[in-house]
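Listing of entry_36.txt, compact mmCIF, C-alpha atoms and all ligand atoms
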# COMPACT_ATOMS: atom_id res chain seq x y z
CA MET A 1 0.00 0.00 0.00
CA TYR A 2 2.78 2.40 0.99
CA LEU A 3 4.66 1.73 -2.26
CA GLU A 4 1.43 2.08 -4.28
CA GLU A 5 0.74 5.48 -2.66
CA MET A 6 4.30 6.65 -3.26
CA PHE A 7 5.02 5.25 -6.71
CA GLY A 8 1.71 4.03 -8.20
CA LEU A 9 0.51 5.66 -11.44
CA SER A 10 -3.05 4.28 -11.63
CA GLY A 11 -5.38 6.71 -13.36
CA LYS A 12 -2.50 8.72 -14.82
CA THR A 13 -1.96 9.42 -18.52
CA ALA A 14 1.68 9.43 -19.60
CA ILE A 15 3.12 10.50 -22.94
CA VAL A 16 6.35 8.80 -23.98
CA THR A 17 8.03 10.08 -27.15
CA GLY A 18 10.16 7.87 -29.41
CA ALA A 19 8.89 4.70 -27.74
CA GLY A 20 8.92 2.46 -30.82
CA ARG A 21 12.22 0.96 -29.63
CA GLY A 22 15.13 1.44 -27.25
CA ILE A 23 14.86 3.26 -23.93
CA GLY A 24 11.46 4.79 -24.77
CA GLN A 25 9.94 1.35 -25.37
CA VAL A 26 11.27 -0.04 -22.08
CA ILE A 27 10.14 3.01 -20.10
CA ALA A 28 6.68 2.97 -21.70
CA ILE A 29 6.31 -0.65 -20.59
CA GLY A 30 7.59 0.21 -17.08
CA LEU A 31 5.19 3.15 -16.63
CA ALA A 32 2.32 0.98 -17.90
CA LYS A 33 3.17 -1.70 -15.32
CA ALA A 34 2.96 1.02 -12.65
CA GLY A 35 -0.63 1.69 -13.81
CA ALA A 36 -0.40 4.59 -16.28
CA GLU A 37 -2.17 4.71 -19.63
CA ILE A 38 0.54 5.30 -22.23
CA ALA A 39 0.23 7.59 -25.24
CA ILE A 40 3.22 7.08 -27.50
CA ILE A 41 4.32 9.80 -29.87
CA SER A 42 6.58 8.33 -32.51
CA ARG A 43 7.75 9.32 -35.98
CA SER A 44 7.04 5.94 -37.55
CA GLY A 45 4.49 4.42 -35.16
CA ALA A 46 5.00 2.10 -32.20
CA ALA A 47 2.59 -0.79 -32.83
CA GLU A 48 4.96 -3.36 -31.28
CA THR A 49 5.26 -1.39 -28.01
CA VAL A 50 1.47 -0.96 -27.86
CA ARG A 51 1.04 -4.72 -28.41
CA MET A 52 3.56 -5.55 -25.65
CA ILE A 53 1.76 -3.29 -23.16
CA THR A 54 -1.80 -4.33 -23.99
CA GLU A 55 -0.96 -8.06 -24.03
CA ASP A 56 0.37 -7.56 -20.50
CA GLY A 57 -2.99 -6.04 -19.46
CA GLY A 58 -1.93 -2.41 -19.70
CA LYS A 59 -3.37 0.49 -21.70
CA ALA A 60 -1.53 2.13 -24.60
CA TYR A 61 -1.95 3.69 -28.02
CA ASP A 62 0.40 5.36 -30.47
CA ILE A 63 0.22 8.48 -32.59
CA LYS A 64 2.54 9.23 -35.48
CA ALA A 65 4.18 12.63 -35.09
CA ASP A 66 7.56 14.29 -35.51
CA VAL A 67 8.51 16.14 -32.31
CA THR A 68 10.32 18.84 -34.29
CA LYS A 69 7.11 19.87 -36.07
CA GLU A 70 4.80 22.06 -34.01
CA GLU A 71 1.76 21.21 -36.15
CA ASP A 72 2.40 17.46 -35.66
CA VAL A 73 2.77 17.91 -31.92
CA ASP A 74 -0.37 20.06 -31.61
CA ARG A 75 -2.37 17.46 -33.54
CA ALA A 76 -0.99 14.66 -31.34
CA ILE A 77 -1.76 16.53 -28.10
CA ALA A 78 -5.31 17.29 -29.31
CA GLU A 79 -5.82 13.57 -30.07
CA ILE A 80 -4.49 12.56 -26.64
CA MET A 81 -6.86 15.05 -24.93
CA GLU A 82 -9.74 13.59 -26.94
CA ARG A 83 -8.84 9.99 -26.11
CA SER A 84 -7.57 10.30 -22.52
CA GLY A 85 -9.03 13.65 -21.38
CA LYS A 86 -5.81 14.71 -19.62
CA ILE A 87 -2.02 14.52 -19.56
CA ASP A 88 -0.29 13.92 -16.22
CA ILE A 89 3.19 12.88 -17.34
CA LEU A 90 5.53 13.57 -20.25
CA PHE A 91 8.68 11.54 -20.76
CA ASN A 92 10.46 13.55 -23.45
CA ASN A 93 12.67 10.76 -24.79
CA ALA A 94 13.00 11.03 -28.59
CA GLY A 95 16.54 11.83 -29.64
CA VAL A 96 19.41 11.16 -32.05
CA CYS A 97 23.19 11.04 -31.80
CA LEU A 98 25.85 12.03 -34.33
CA HIS A 99 29.48 10.93 -34.01
CA LYS A 100 31.43 13.32 -36.21
CA ALA A 101 34.34 15.68 -35.69
CA THR A 102 33.24 19.30 -35.66
CA LEU A 103 35.34 20.22 -38.72
CA ASP A 104 33.74 17.37 -40.72
CA ALA A 105 30.11 17.90 -39.69
CA THR A 106 27.86 20.06 -41.82
CA ILE A 107 25.74 22.82 -40.36
CA GLU A 108 22.68 20.80 -41.43
CA GLU A 109 23.92 17.90 -39.31
CA TRP A 110 24.41 20.21 -36.31
CA ARG A 111 20.95 21.69 -36.82
CA ASN A 112 19.32 18.26 -37.09
CA VAL A 113 20.70 17.10 -33.73
CA ILE A 114 19.82 20.37 -31.97
CA ASP A 115 16.40 20.37 -33.64
CA ILE A 116 15.43 16.89 -32.45
CA ASN A 117 17.18 16.72 -29.08
CA LEU A 118 16.69 20.25 -27.79
CA THR A 119 14.04 22.05 -29.83
CA GLY A 120 11.92 18.87 -30.06
CA GLU A 121 11.91 18.53 -26.26
CA TYR A 122 11.09 22.25 -25.97
CA ILE A 123 8.16 21.96 -28.40
CA MET A 124 6.80 18.89 -26.58
CA ALA A 125 7.26 20.36 -23.09
CA ARG A 126 5.64 23.62 -24.13
CA ALA A 127 2.61 21.91 -25.69
CA VAL A 128 2.14 19.65 -22.66
CA GLY A 129 2.82 22.47 -20.16
CA ARG A 130 0.17 24.58 -21.89
CA VAL A 131 -2.45 21.83 -21.44
CA MET A 132 -1.42 21.17 -17.81
CA ILE A 133 -1.69 24.88 -16.98
CA GLU A 134 -5.03 25.30 -18.79
CA LYS A 135 -6.54 22.27 -17.04
CA GLY A 136 -4.90 22.90 -13.65
CA ILE A 137 -3.04 19.57 -13.79
CA LYS A 138 -0.10 19.34 -11.38
CA GLY A 139 1.89 17.17 -13.75
CA SER A 140 5.42 15.93 -14.14
CA ILE A 141 7.76 16.29 -17.11
CA VAL A 142 10.98 14.31 -17.45
CA ASN A 143 13.34 15.42 -20.19
CA MET A 144 15.87 12.95 -21.55
CA ALA A 145 19.36 14.41 -21.19
CA SER A 146 22.55 12.34 -21.00
CA MET A 147 25.83 12.13 -19.13
CA SER A 148 27.08 13.91 -22.29
CA GLY A 149 25.30 17.02 -20.99
CA THR A 150 27.71 17.02 -18.04
CA VAL A 151 30.95 15.55 -19.41
CA VAL A 152 32.55 15.30 -22.85
CA ASN A 153 32.83 11.56 -23.31
CA ILE A 154 35.65 10.25 -25.50
CA PRO A 155 37.10 9.15 -27.90
CA GLN A 156 34.26 9.91 -30.33
CA TRP A 157 33.55 13.51 -31.24
CA GLN A 158 29.94 14.56 -30.82
CA ALA A 159 29.82 18.29 -30.10
CA SER A 160 26.25 18.72 -31.35
CA TYR A 161 24.97 15.89 -29.14
CA ASN A 162 26.86 17.10 -26.06
CA ALA A 163 25.65 20.67 -26.56
CA SER A 164 22.06 19.53 -27.13
CA LYS A 165 22.03 17.52 -23.90
CA ALA A 166 23.65 20.31 -21.84
CA GLY A 167 20.88 22.49 -23.29
CA VAL A 168 18.25 19.98 -22.15
CA ILE A 169 19.59 20.09 -18.57
CA HIS A 170 19.35 23.88 -18.43
CA LEU A 171 16.02 23.97 -20.29
CA THR A 172 14.79 21.64 -17.55
CA LYS A 173 15.91 23.95 -14.76
CA SER A 174 14.38 26.92 -16.61
CA LEU A 175 10.97 25.29 -17.07
CA ALA A 176 11.02 23.89 -13.53
CA THR A 177 11.41 27.42 -12.20
CA GLU A 178 9.00 29.04 -14.67
CA TRP A 179 6.18 26.57 -13.95
CA ILE A 180 6.77 25.97 -10.25
CA ASP A 181 3.70 27.96 -9.13
CA TYR A 182 1.49 25.79 -11.38
CA GLY A 183 2.60 22.69 -9.48
CA ILE A 184 4.30 21.28 -12.59
CA ARG A 185 7.60 19.55 -11.82
CA VAL A 186 10.26 19.34 -14.53
CA ASN A 187 13.34 17.15 -14.15
CA SER A 188 15.87 15.52 -16.43
CA LEU A 189 17.43 12.08 -16.59
CA SER A 190 21.05 11.60 -17.66
CA PRO A 191 21.95 8.01 -18.51
CA GLY A 192 25.42 6.76 -19.28
CA TYR A 193 26.00 4.35 -22.16
CA MET A 194 22.93 2.14 -22.47
CA ALA A 195 22.59 -1.04 -24.49
CA THR A 196 19.93 0.02 -27.03
CA PRO A 197 19.64 0.02 -30.85
CA MET A 198 21.27 3.50 -30.80
CA ALA A 199 24.36 1.89 -29.24
CA GLU A 200 24.17 -1.21 -31.46
CA ASP A 201 24.93 1.00 -34.45
CA VAL A 202 28.24 1.93 -32.79
CA PRO A 203 31.34 0.15 -34.23
CA GLN A 204 32.84 -2.54 -31.99
CA GLU A 205 36.24 -0.77 -31.78
CA LEU A 206 34.52 2.26 -30.24
CA LYS A 207 32.70 0.06 -27.71
CA ASP A 208 36.05 -1.53 -26.87
CA ALA A 209 37.48 1.97 -26.25
CA TRP A 210 34.56 2.77 -23.92
CA GLU A 211 34.92 -0.37 -21.80
CA PRO A 212 37.89 0.69 -19.60
CA LEU A 213 36.31 4.15 -19.13
CA MET A 214 33.17 2.65 -17.59
CA PRO A 215 33.69 2.08 -13.84
CA MET A 216 31.25 -0.86 -13.94
CA HIS A 217 32.86 -2.20 -17.16
CA ARG A 218 29.48 -2.59 -18.81
CA MET A 219 26.72 -0.59 -20.44
CA GLY A 220 23.50 -0.01 -18.58
CA LYS A 221 20.32 -1.89 -19.38
CA PRO A 222 17.36 0.36 -20.27
CA GLU A 223 15.41 -1.44 -17.51
CA GLU A 224 17.85 0.07 -15.01
CA LEU A 225 16.42 3.53 -15.82
CA ILE A 226 12.82 2.66 -14.94
CA PRO A 227 13.11 3.23 -11.16
CA ALA A 228 14.63 6.71 -11.58
CA ILE A 229 11.88 7.78 -13.98
CA LEU A 230 9.20 6.17 -11.84
CA TYR A 231 10.47 8.21 -8.91
CA LEU A 232 10.52 11.47 -10.88
CA VAL A 233 6.96 11.11 -12.21
CA SER A 234 5.40 9.75 -9.00
CA PRO A 235 3.99 11.46 -5.87
CA ALA A 236 7.21 10.38 -4.10
CA ALA A 237 9.08 13.18 -5.92
CA GLY A 238 6.78 16.00 -4.73
CA TYR A 239 9.76 18.14 -3.63
CA THR A 240 12.01 17.27 -6.59
CA THR A 241 12.07 19.72 -9.47
CA GLY A 242 14.81 21.10 -11.70
CA ALA A 243 16.98 18.09 -10.85
CA ASP A 244 19.15 16.13 -13.23
CA ILE A 245 19.39 12.51 -12.13
CA ILE A 246 22.52 10.82 -13.45
CA VAL A 247 22.26 7.05 -13.90
CA ASP A 248 25.60 6.19 -15.49
CA GLY A 249 27.26 3.40 -13.49
CA GLY A 250 29.65 6.01 -12.07
CA TYR A 251 30.95 7.23 -15.46
CA THR A 252 30.89 10.93 -14.55
CA CYS A 253 32.70 10.29 -11.22
CA ILE A 254 36.11 9.86 -12.81
N1 LIG B 301 21.53 4.75 -25.69
C1 LIG B 301 22.31 5.50 -24.93
O1 LIG B 301 23.45 5.12 -24.60
C2 LIG B 301 21.81 6.81 -24.40
C3 LIG B 301 22.52 7.42 -23.34
C4 LIG B 301 22.08 8.65 -22.83
C5 LIG B 301 20.94 9.25 -23.35
N2 LIG B 301 20.25 8.63 -24.37
C6 LIG B 301 19.07 9.30 -24.89
O2 LIG B 301 17.94 8.46 -24.73
C7 LIG B 301 16.98 8.73 -25.74
C8 LIG B 301 16.58 7.44 -26.43
O3 LIG B 301 17.75 6.86 -26.95
P1 LIG B 301 17.82 5.34 -27.46
O4 LIG B 301 19.17 4.86 -27.16
O5 LIG B 301 16.64 4.57 -26.97
O6 LIG B 301 17.74 5.61 -29.02
P2 LIG B 301 16.88 4.93 -30.19
O7 LIG B 301 17.48 5.42 -31.45
O8 LIG B 301 16.75 3.48 -29.95
O9 LIG B 301 15.46 5.60 -29.95
C9 LIG B 301 15.21 6.94 -30.25
C10 LIG B 301 13.78 7.05 -30.67
O10 LIG B 301 13.49 8.43 -30.95
C11 LIG B 301 12.72 8.49 -32.13
N3 LIG B 301 12.86 9.79 -32.78
C12 LIG B 301 14.00 10.35 -33.29
N4 LIG B 301 13.70 11.54 -33.84
C13 LIG B 301 12.37 11.74 -33.67
C14 LIG B 301 11.48 12.79 -34.03
N5 LIG B 301 11.89 13.88 -34.69
N6 LIG B 301 10.18 12.66 -33.69
C15 LIG B 301 9.73 11.58 -33.04
N7 LIG B 301 10.52 10.55 -32.68
C16 LIG B 301 11.83 10.63 -33.00
C17 LIG B 301 13.28 7.37 -33.01
O11 LIG B 301 12.37 7.03 -34.02
C18 LIG B 301 13.49 6.28 -31.98
O12 LIG B 301 12.31 5.52 -31.80
C19 LIG B 301 17.64 9.76 -26.67
O13 LIG B 301 17.21 11.06 -26.31
C20 LIG B 301 19.12 9.60 -26.37
O14 LIG B 301 19.86 10.75 -26.65
C21 LIG B 301 20.66 7.42 -24.90
Would you mind writing the file's structure down as structure tokens?
Ligand SMILES: NC(=O)c1ccc[n+]([C@@H]2O[C@H](COP(=O)([O-])OP(=O)(O)OC[C@H]3O[C@@H](n4cnc5c(N)ncnc54)[C@H](O)[C@@H]3O)[C@@H](O)[C@H]2O)c1
Amino acid sequence: MYLEEMFGLSGKTAIVTGAGRGIGQVIAIGLAKAGAEIAIISRSGAAETVRMITEDGGKAYDIKADVTKEEDVDRAIAEIMERSGKIDILFNNAGVCLHKATLDATIEEWRNVIDINLTGEYIMARAVGRVMIEKGIKGSIVNMASMSGTVVNIPQWQASYNASKAGVIHLTKSLATEWIDYGIRVNSLSPGYMATPMAEDVPQELKDAWEPLMPMHRMGKPEELIPAILYLVSPAAGYTTGADIIVDGGYTCI
């Protein structure tokens, strides 16, 4: 009972972006297990995630939308309000990474990373914050940052990614402060290297270079992020806002 009161999400509606695979998929499943109805916003649909949740007895649906396009996001939010009547939680997860030296990257490549990782989270948070404020919902927003928002991880060069995630951490603090009197809490999550399809695309020699730099000598499992997010979106975190929770197996300690 105590745990249900502290961490239960029954009756809550949670948006998870980019939940067709990877971390978003695992978190959507985790939040559904805690009782939330999940509305997935995904560029190419997330039928498999919806199937996994509903077959397990949970509630979920997906809407195709690109988080960088305001008109897509507004349409998706309107559909969620029609179907679920409210939005209590946003997990702003969709993102991309680019490994490229600054002198080799084009300005279009820089803009694409900033557009998805930073502006996309801003567009989503703003659209959801607007609904929460209009409806008087004391909701919770968790923005996906990264340890790369705090440290410059090596040996790959990824200035656009690092800058976008540092931006997410400060956007989070800004929105947390701006919306504090509405009872909306805004926090960010900063994982270390996680074993997801994003990481599977990484060449083996780069993973070998990462191994000695990871104090736990392994990547994290997306499942290991669920408890931190569950905390941030639950009543247990009533006094936590503007925080960046680092879940990186100690990477940023050394
Ligand atoms: N994997 C890691 O090691 C790691 C570490 C720290 C932070 N992160 C962050 O976690 C988040 C998820 O990463 P992942 O590893 O699961 O990656 P992933 O590539 O498996 O998933 C990213 C998802 O975002 C979606 N997406 C991308 N652009 C979009 C857009 N414009 N509109 C809607 N959806 C879009 C993709 O379709 C995909 O489903 C990202 O923000 C990433 O930066 C990942």
Problem set entry | Selected residue, from A:Thr241, A:Asn143, A:Asn153, A:Gln204, that lies nearest to Ile184 in chain A when counting all atoms listed in the file | A:Thr241
Extract, using all atoms listed in the file, all DNA, RNA and protein residues at most 10 Å from Ala32 in chain A, discarding same-chain residues fewer than 3 positions from it, and format them as a short mmCIF file (atom, residue, chain, number, x, y, z; two decimals) with C-alpha atoms, in the frame of the given file.
data_model
loop_
_atom_site.label_atom_id
_atom_site.label_comp_id
_atom_site.auth_asym_id
_atom_site.auth_seq_id
_atom_site.Cartn_x
_atom_site.Cartn_y
_atom_site.Cartn_z
CA LEU A 9 0.51 5.66 -11.44
CA SER A 10 -3.05 4.28 -11.63
CA LYS A 12 -2.50 8.72 -14.82
CA THR A 13 -1.96 9.42 -18.52
CA ALA A 14 1.68 9.43 -19.60
CA VAL A 26 11.27 -0.04 -22.08
CA ILE A 27 10.14 3.01 -20.10
CA ALA A 28 6.68 2.97 -21.70
CA ILE A 29 6.31 -0.65 -20.59
CA GLY A 35 -0.63 1.69 -13.81
CA ALA A 36 -0.40 4.59 -16.28
CA GLU A 37 -2.17 4.71 -19.63
CA ILE A 38 0.54 5.30 -22.23
CA ILE A 53 1.76 -3.29 -23.16
CA THR A 54 -1.80 -4.33 -23.99
CA ASP A 56 0.37 -7.56 -20.50
CA GLY A 57 -2.99 -6.04 -19.46
CA GLY A 58 -1.93 -2.41 -19.70
CA LYS A 59 -3.37 0.49 -21.70
CA ALA A 60 -1.53 2.13 -24.60
#
Exercise. Which of these, A:Lys173, A:Lys69, A:Arg185, A:Lys165, has the shortest distance to Cys97 in chain A once you count only C-alpha atoms?
Worked result: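 Closest to Cys97 in chain A, using only C-alpha atoms: A:Lys165.
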For this session: Could you please extract the residues within 8 Å of ligand LIG 301 (chain B), counting all atoms listed in the file, and hand them back as a PyMOL selection string?
Result: chain A and resi 17-25+41-44+64-69+92-97+115-117+120+144-148+161+165+190-199+219-220+222
For this session: For CA of Ile141 in chain A and CA of Ser174 in chain A, determine how far apart the two atoms are, in Å to one decimal place.
Result: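 Result for CA of Ile141 in chain A versus CA of Ser174 in chain A: 12.5 Å, one decimal.
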Problem set entry | d(CA of Gln156 in chain A, CA of Val113 in chain A) in Å |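 It comes out at 15.7 Å.
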For this session: Excluding Leu213 in chain A and any residue of its chain fewer than 5 positions from it, enumerate the residues within 9 Å of it, using only C-alpha atoms, and give them as a PyMOL selection string.
Result: chain A and resi 154+251+254
Exercise. Can you tell me, as an MDAnalysis selection string, what residues are no more than 8 Å from Thr252 in chain A when counting only C-alpha atoms, ignoring any on the same chain fewer than 3 positions away?
Worked result: chainID A and resid 147 150:151 248
Those same residues, written as a CSV table (one decimal), keeping the file's coordinate frame with C-alpha atoms?
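Saved the output as part.csv:
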chain,number,residue,atom,x,y,z
A,147,MET,CA,25.8,12.1,-19.1
A,150,THR,CA,27.7,17.0,-18.0
A,151,VAL,CA,31.0,15.6,-19.4
A,248,ASP,CA,25.6,6.2,-15.5
Seminar exercise, completed: Restricting to all atoms listed in the file, whichever of A:Tyr2, A:Trp210, A:Tyr231, A:Tyr122 is closest to Ser164 in chain A is A:Tyr122
Exercise. Interatomic distance between CA of Ala127 in chain A and CA of Ile15 in chain A?
Worked result: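 Between these atoms lies a distance of 11.7 Å.
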Problem set entry | Nearest residue to Arg111 in chain A from the set A:Lys86, A:Arg126, A:Trp157, A:Ala163 (distances using only C-alpha atoms) |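 Checking each of A:Lys86, A:Arg126, A:Trp157, A:Ala163 against Arg111 in chain A, counting only C-alpha atoms, the winner is A:Ala163.
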For this session: Please provide the set of residues having any atom within 12 Å of Ile133 in chain A, restricted to only C-alpha atoms, with same-chain residues fewer than 2 positions apart removed, written as a PyMOL selection string.
Result: chain A and resi 86-88+125-131+135-140+178-185
Once you have the residues from the selection above, write them out as a PDB file, in the frame of the given file, restricted to C-alpha atoms.
ATOM      1  CA  LYS A  86      -5.810  14.710 -19.620  1.00  0.00           C
ATOM      2  CA  ILE A  87      -2.020  14.520 -19.560  1.00  0.00           C
ATOM      3  CA  ASP A  88      -0.290  13.920 -16.220  1.00  0.00           C
ATOM      4  CA  ALA A 125       7.260  20.360 -23.090  1.00  0.00           C
ATOM      5  CA  ARG A 126       5.640  23.620 -24.130  1.00  0.00           C
ATOM      6  CA  ALA A 127       2.610  21.910 -25.690  1.00  0.00           C
ATOM      7  CA  VAL A 128       2.140  19.650 -22.660  1.00  0.00           C
ATOM      8  CA  GLY A 129       2.820  22.470 -20.160  1.00  0.00           C
ATOM      9  CA  ARG A 130       0.170  24.580 -21.890  1.00  0.00           C
ATOM     10  CA  VAL A 131      -2.450  21.830 -21.440  1.00  0.00           C
ATOM     11  CA  LYS A 135      -6.540  22.270 -17.040  1.00  0.00           C
ATOM     12  CA  GLY A 136      -4.900  22.900 -13.650  1.00  0.00           C
ATOM     13  CA  ILE A 137      -3.040  19.570 -13.790  1.00  0.00           C
ATOM     14  CA  LYS A 138      -0.100  19.340 -11.380  1.00  0.00           C
ATOM     15  CA  GLY A 139       1.890  17.170 -13.750  1.00  0.00           C
ATOM     16  CA  SER A 140       5.420  15.930 -14.140  1.00  0.00           C
ATOM     17  CA  GLU A 178       9.000  29.040 -14.670  1.00  0.00           C
ATOM     18  CA  TRP A 179       6.180  26.570 -13.950  1.00  0.00           C
ATOM     19  CA  ILE A 180       6.770  25.970 -10.250  1.00  0.00           C
ATOM     20  CA  ASP A 181       3.700  27.960  -9.130  1.00  0.00           C
ATOM     21  CA  TYR A 182       1.490  25.790 -11.380  1.00  0.00           C
ATOM     22  CA  GLY A 183       2.600  22.690  -9.480  1.00  0.00           C
ATOM     23  CA  ILE A 184       4.300  21.280 -12.590  1.00  0.00           C
ATOM     24  CA  ARG A 185       7.600  19.550 -11.820  1.00  0.00           C
TER      25      ARG A 185
END
Exercise. So, counting only C-alpha atoms, which residue among A:Leu232, A:Ala105, A:Cys253, A:Leu206 is closest to Ser160 in chain A?
Worked result: A:Ala105
Problem set entry | Which residue of A:Pro155, A:Ile77, A:Pro235, A:Ile245 approaches Pro212 in chain A most closely, using all atoms listed in the file |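 Closest to Pro212 in chain A of all the choices is A:Pro155.
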Problem set entry | Within-8 Å shell of (-2.9, 10.2, -26.7) in input frame, only C-alpha atoms, as JSON, numbers by chain | {"A": [15, 38, 39, 40, 41, 61, 62, 63, 76, 77, 78, 79, 80, 81, 82, 83, 84]}
